[in-house]
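Enquirer: My structure file structure_2.txt, compact mmCIF, C-alpha atoms, is below:
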```txt
# COMPACT_ATOMS: atom_id res chain seq x y z
CA MET A 1 -24.17 99.53 211.41
CA THR A 2 -20.65 100.57 212.05
CA ASP A 3 -19.09 103.67 210.56
CA LEU A 4 -16.79 101.47 208.41
CA ALA A 5 -19.69 99.49 206.93
CA GLN A 6 -21.59 102.67 206.25
CA ALA A 7 -18.58 104.14 204.45
CA ILE A 8 -18.34 101.03 202.29
CA GLN A 9 -22.04 101.00 201.39
CA GLU A 10 -22.30 104.71 200.91
CA PRO A 11 -19.09 105.97 199.27
CA GLU A 12 -18.47 109.64 199.46
CA ALA A 13 -19.80 111.40 196.39
CA THR A 14 -17.29 113.27 194.25
CA ASP A 15 -17.98 115.88 191.65
CA TRP A 16 -14.80 115.44 189.53
CA LEU A 17 -16.75 113.53 186.85
CA GLU A 18 -19.25 116.36 186.60
CA SER A 19 -16.39 118.82 186.16
CA MET A 20 -15.05 117.01 183.09
CA ASN A 21 -15.86 118.51 179.69
CA TRP A 22 -17.23 115.59 177.66
CA GLU A 23 -18.14 117.62 174.62
CA THR A 24 -16.18 116.71 171.47
CA PRO A 25 -14.30 119.76 170.20
CA THR A 26 -15.42 120.95 166.84
CA PRO A 27 -12.62 120.56 164.27
CA ALA A 28 -11.48 123.71 162.56
CA ALA A 29 -13.04 124.23 159.18
CA VAL A 30 -10.78 123.65 156.17
CA ILE A 31 -10.91 126.63 153.86
CA PHE A 32 -9.46 126.48 150.36
CA SER A 33 -8.50 129.89 149.08
CA VAL A 34 -6.99 128.75 145.78
CA ASP A 35 -9.01 129.09 142.61
CA PRO A 36 -10.21 125.56 141.68
CA LYS A 37 -9.21 126.14 138.05
CA LYS A 38 -5.66 127.05 139.09
CA GLU A 39 -5.55 124.10 141.47
CA GLN A 40 -6.78 121.82 138.68
CA ALA A 41 -4.09 123.10 136.31
CA ALA A 42 -1.39 122.63 138.98
CA LEU A 43 -2.59 119.09 139.71
CA VAL A 44 -2.55 118.18 136.01
CA LYS A 45 1.03 119.45 135.77
CA THR A 46 2.02 117.44 138.82
CA ILE A 47 0.40 114.28 137.46
CA GLY A 48 2.10 114.80 134.11
CA ALA A 49 5.51 115.28 135.69
CA ARG A 50 5.07 112.23 137.94
CA MET A 51 3.87 110.16 134.96
CA ARG A 52 7.03 111.06 133.10
CA GLU A 53 9.27 110.35 136.10
CA ALA A 54 7.59 106.98 136.71
CA ARG A 55 7.97 106.02 133.04
CA GLU A 56 11.65 106.95 133.10
CA LEU A 57 12.13 104.92 136.28
CA CYS A 58 10.83 101.93 134.30
CA ASN A 59 13.15 102.80 131.39
CA LEU A 60 10.24 102.96 128.95
CA SER A 61 9.90 105.23 125.95
CA GLN A 62 6.69 107.16 125.38
CA SER A 63 5.82 104.83 122.50
CA GLU A 64 6.31 101.71 124.61
CA ALA A 65 4.33 103.13 127.53
CA ALA A 66 1.53 104.39 125.26
CA SER A 67 1.22 100.93 123.75
CA ARG A 68 0.85 99.39 127.21
CA PHE A 69 -1.83 101.93 128.09
CA GLY A 70 -3.73 100.95 124.97
CA TYR A 71 -3.02 104.05 122.86
CA ALA A 72 -2.38 103.67 119.15
CA ASN A 73 0.31 106.36 119.29
CA PRO A 74 2.12 108.34 122.01
CA SER A 75 0.50 111.71 121.22
CA LYS A 76 -2.09 111.53 124.03
CA LEU A 77 0.48 110.34 126.58
CA SER A 78 2.78 113.15 125.46
CA LYS A 79 0.01 115.68 126.14
CA VAL A 80 -0.58 114.21 129.61
CA GLU A 81 3.11 114.24 130.53
CA GLY A 82 3.54 117.74 129.14
CA ALA A 83 0.32 118.96 130.80
CA THR A 84 -0.72 120.64 127.56
CA ASP A 85 -4.33 119.66 128.24
CA THR A 86 -5.10 121.25 131.61
CA ASN A 87 -8.76 120.23 131.63
CA SER A 88 -8.37 116.76 133.06
CA VAL A 89 -6.44 113.49 133.12
CA PRO A 90 -8.49 110.30 132.63
CA MET A 91 -8.87 108.46 135.92
CA TRP A 92 -8.42 105.10 134.18
CA LEU A 93 -5.06 106.33 132.89
CA ILE A 94 -3.88 107.10 136.42
CA VAL A 95 -4.96 103.67 137.64
CA ARG A 96 -3.21 101.96 134.73
CA ALA A 97 -0.10 104.07 135.27
CA ALA A 98 0.06 102.98 138.92
CA ARG A 99 -0.10 99.33 137.84
CA ILE A 100 2.21 99.53 134.83
CA TYR A 101 4.85 101.69 136.51
CA GLU A 102 4.34 99.95 139.88
CA VAL A 103 4.01 103.21 141.79
CA SER A 104 1.42 104.43 144.26
CA ILE A 105 -1.44 106.67 143.20
CA ASP A 106 -0.38 109.04 145.97
CA TYR A 107 2.94 109.42 144.17
CA LEU A 108 1.22 110.20 140.87
CA PHE A 109 -0.92 112.84 142.57
CA GLY A 110 2.14 114.37 144.24
CA LEU A 111 0.99 113.50 147.77
CA THR A 112 4.23 111.64 148.51
CA ASP A 113 7.72 111.37 147.08
CA ASP A 114 7.88 107.63 147.76
CA TRP A 115 7.24 105.92 144.45
CA GLU A 116 7.19 102.31 145.63
CA ILE A 117 3.96 100.67 146.75
CA GLY A 118 3.75 99.58 150.38
CA VAL A 119 6.81 101.55 151.51
CA PRO A 120 6.30 103.67 154.66
CA ARG A 121 6.29 107.35 153.90
CA GLY A 122 9.71 108.87 154.23
CA ALA A 123 11.51 105.53 153.83
CA GLN A 124 12.77 106.26 150.33
CA SER A 125 13.85 109.75 151.36
CA TRP A 126 15.80 108.17 154.20
CA LEU A 127 17.37 105.64 151.82
CA LEU A 128 18.33 108.35 149.36
CA GLU A 129 19.86 110.44 152.15
CA ALA A 130 21.80 107.42 153.44
CA TRP A 131 22.96 106.59 149.92
CA ASN A 132 24.09 110.19 149.36
CA LYS A 133 26.06 110.18 152.63
CA ALA A 134 27.72 106.89 151.67
CA ARG A 135 28.50 108.28 148.21
CA LEU A 136 30.12 111.40 149.68
CA ARG A 137 32.10 109.26 152.10
CA ASP A 138 33.29 107.03 149.24
CA LEU A 139 34.23 110.06 147.15
CA ALA A 140 36.28 111.46 150.04
CA THR A 141 38.03 108.10 150.42
CA LEU A 142 38.75 107.95 146.70
CA ASP A 143 40.10 111.49 146.81
CA ARG A 144 42.52 110.59 149.61
CA LEU A 145 43.51 107.43 147.74
CA HIS A 146 44.11 109.44 144.57
CA ARG A 147 46.37 111.87 146.42
CA GLU A 148 48.32 109.01 148.02
CA ILE A 149 48.74 107.29 144.66
CA ALA A 150 49.92 110.54 143.09
CA TYR A 151 52.42 110.99 145.95
CA VAL A 152 53.79 107.43 145.61
CA SER A 153 53.90 107.71 141.81
CA GLN A 154 55.86 110.96 141.99
CA HIS A 155 58.47 109.60 144.40
CA THR A 156 58.73 106.30 142.55
CA THR A 157 59.45 108.17 139.32
CA GLU A 158 62.04 110.30 141.11
CA LEU A 159 63.65 107.17 142.57
CA VAL A 160 63.81 105.45 139.19
CA THR A 161 65.32 108.60 137.66
CA GLY A 162 67.85 108.81 140.50
CA ILE A 163 68.93 105.20 140.00
CA ALA A 164 69.37 105.81 136.29
CA ASP A 165 71.50 108.87 137.08
CA VAL A 166 73.67 106.85 139.49
CA ALA A 167 74.14 104.13 136.88
CA GLN A 168 75.06 106.70 134.23
CA ALA A 169 77.51 108.35 136.63
CA LEU A 170 79.14 104.98 137.30
CA THR A 171 79.44 104.31 133.58
CA THR A 172 81.06 107.71 133.04
CA TRP A 173 83.46 107.07 135.94
CA ARG A 174 84.49 103.71 134.48
CA GLU A 175 85.07 105.29 131.08
CA ARG A 176 87.29 108.00 132.54
CA ASN A 177 89.08 105.64 134.89
CA PRO A 178 90.15 102.48 133.02
CA SER A 179 91.68 101.08 136.20
CA PHE A 180 88.30 101.07 137.97
CA ASP A 181 87.66 97.42 137.22
CA GLU A 182 90.93 96.54 138.92
CA THR A 183 90.08 98.30 142.17
CA PRO A 184 88.77 96.24 145.12
CA ALA A 185 84.98 95.69 145.19
CA SER A 186 84.52 97.32 141.78
CA ALA A 187 82.74 94.22 140.48
CA THR A 188 80.42 94.26 143.49
CA VAL A 189 79.53 97.93 142.93
CA ALA A 190 78.94 97.37 139.21
CA GLY A 191 76.85 94.25 139.80
CA ARG A 192 74.68 95.81 142.47
CA THR A 193 74.17 98.92 140.34
CA GLU A 194 73.06 96.76 137.44
CA ARG A 195 70.61 94.81 139.64
CA LEU A 196 69.32 98.10 141.03
CA GLN A 197 68.69 99.34 137.49
CA GLU A 198 66.81 96.15 136.66
CA ARG A 199 64.57 96.53 139.72
CA ALA A 200 64.00 100.18 138.84
CA ARG A 201 62.88 99.20 135.31
CA THR A 202 60.56 96.54 136.76
CA THR A 203 59.11 99.06 139.24
CA GLU A 204 58.60 101.65 136.50
CA ALA A 205 56.77 99.11 134.30
CA ALA A 206 54.53 98.06 137.21
CA LEU A 207 53.76 101.70 137.98
CA LYS A 208 52.78 102.41 134.38
CA LYS A 209 50.55 99.32 134.32
CA PHE A 210 48.89 100.37 137.58
CA GLN A 211 48.28 103.89 136.26
CA SER A 212 46.78 102.44 133.07
CA LEU A 213 44.39 100.29 135.13
CA LEU A 214 43.38 103.34 137.15
CA ARG A 215 42.64 105.34 134.00
CA LEU A 216 40.66 102.39 132.63
CA GLY A 217 38.65 102.06 135.85
CA THR A 218 37.81 105.75 136.09
CA GLY A 219 37.19 106.17 132.37
CA SER A 220 39.81 108.92 132.10
CA LYS A 221 42.40 109.14 129.39
```
Can you give me the file's structure in the form of structure tokens?
Expert:
Amino acid sequence: MTDLAQAIQEPEATDWLESMNWETPTPAAVIFSVDPKKEQAALVKTIGARMREARELCNLSQSEAASRFGYANPSKLSKVEGATDTNSVPMWLIVRAARIYEVSIDYLFGLTDDWEIGVPRGAQSWLLEAWNKARLRDLATLDRLHREIAYVSQHTTELVTGIADVAQALTTWRERNPSFDETPASATVAGRTERLQERARTTEAALKKFQSLLRLGTGSK
């Protein structure tokens, strides 16, 4: 048998497999240092707060929600939401709340801030953050627009006032100089001044209408 055939039939033994540590590491023990009674009270408060938030998200009053849960009056639901009874919260109530309010049980227990069922964790936080950024961007745009409108409004008012002053000055000049109408181009000056006044009045009316629409849209007076 050749050396090559012998090497194929009898591969060289390696000890790297023996050097591997195949033992599964023992997970660290979870130790709870909080008093169970305090933890129970905190959990009841969390459930109560989340129950209230979920109800408000559904735009339901305590009476309407209590009726859907099967209560004759909202007193028990009020105690749960207010966490006045720190002993316990009925498990059936939590299950019904998840169905009626269409939220996850994890949300009711405070394990997640995502209230919708089937939404990946953190998705709603991302949406809220994106919405807040868009809102801030829109507010900044509206602020710039407001300043531009105020600038244009101010100069438009000054222009209208200036045109009125020019027209009044021309009227005074004509009164003090009876021969004005006989001078060359006097009719042209008077006609153009009158048309300018008319355009100024139209511009002023449009500006007032625009400002009224802005106040109506923003709810300001």
Enquirer: Mind checking which residues fall within 9 Å of Ser63 in chain A, counting only C-alpha atoms, ignoring those fewer than 5 positions away in the same chain, and posting them as a short mmCIF file (atom, residue, chain, number, x, y, z; two decimals) with C-alpha atoms, in the frame of the given file?
Expert:
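Output file part.cif is given in full below:
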```cif
data_model
loop_
_atom_site.label_atom_id
_atom_site.label_comp_id
_atom_site.auth_asym_id
_atom_site.auth_seq_id
_atom_site.Cartn_x
_atom_site.Cartn_y
_atom_site.Cartn_z
CA ARG A 68 0.85 99.39 127.21
CA TYR A 71 -3.02 104.05 122.86
CA ALA A 72 -2.38 103.67 119.15
CA ASN A 73 0.31 106.36 119.29
CA PRO A 74 2.12 108.34 122.01
CA SER A 75 0.50 111.71 121.22
CA LEU A 77 0.48 110.34 126.58
#
```
Enquirer: Which is closest to Gly162 in chain A among A:Leu139, A:Asp181, A:Gln197, A:Ala42, if we use only C-alpha atoms?
Expert: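 That would be A:Gln197, the residue with the smallest distance to Gly162 in chain A.
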Enquirer: For a test of reading the model, state the distance in Å between CA of Leu159 in chain A and CA of Leu196 in chain A, rounded to one decimal.
Expert: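 CA of Leu159 in chain A sits 10.8 Å away from CA of Leu196 in chain A.
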Enquirer: Would you work out the distance separating CA of Arg137 in chain A from CA of Leu57 in chain A, expressed in Å to one decimal?
Expert: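 Atom-to-atom, CA of Arg137 in chain A to CA of Leu57 in chain A, that is 25.8 Å.
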Enquirer: When distances are computed from all atoms listed in the file, which of A:Ala164, A:Leu142, A:Val80, A:Val189 shows the smallest separation from Glu204 in chain A?
Expert: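 Smallest separation from Glu204 in chain A among the options: A:Ala164.
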Enquirer: CA of Arg99 in chain A to CA of Lys37 in chain A: how many Å, to one decimal?
Expert: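 Taking CA of Arg99 in chain A as the start and CA of Lys37 in chain A as the end point, the length is 28.3 Å.
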Enquirer: Using all atoms listed in the file - which residues lie no farther than 8 Å from the point (4.5, 111.4, 137.3) in the file's frame? Write them as an MDAnalysis selection string.
Expert: chainID A and resid 46:55 81 107:110
Enquirer: Draw an axis-aligned box over all listed atoms of range 61-79 of chain A, pad each side with 4 Å, and write its centre and edge lengths in Å, one decimal, as lines of an AutoDock Vina configuration file.
Expert:
```
center_x = 3.1
center_y = 107.5
center_z = 123.6
size_x = 21.6
size_y = 24.3
size_z = 16.9
```
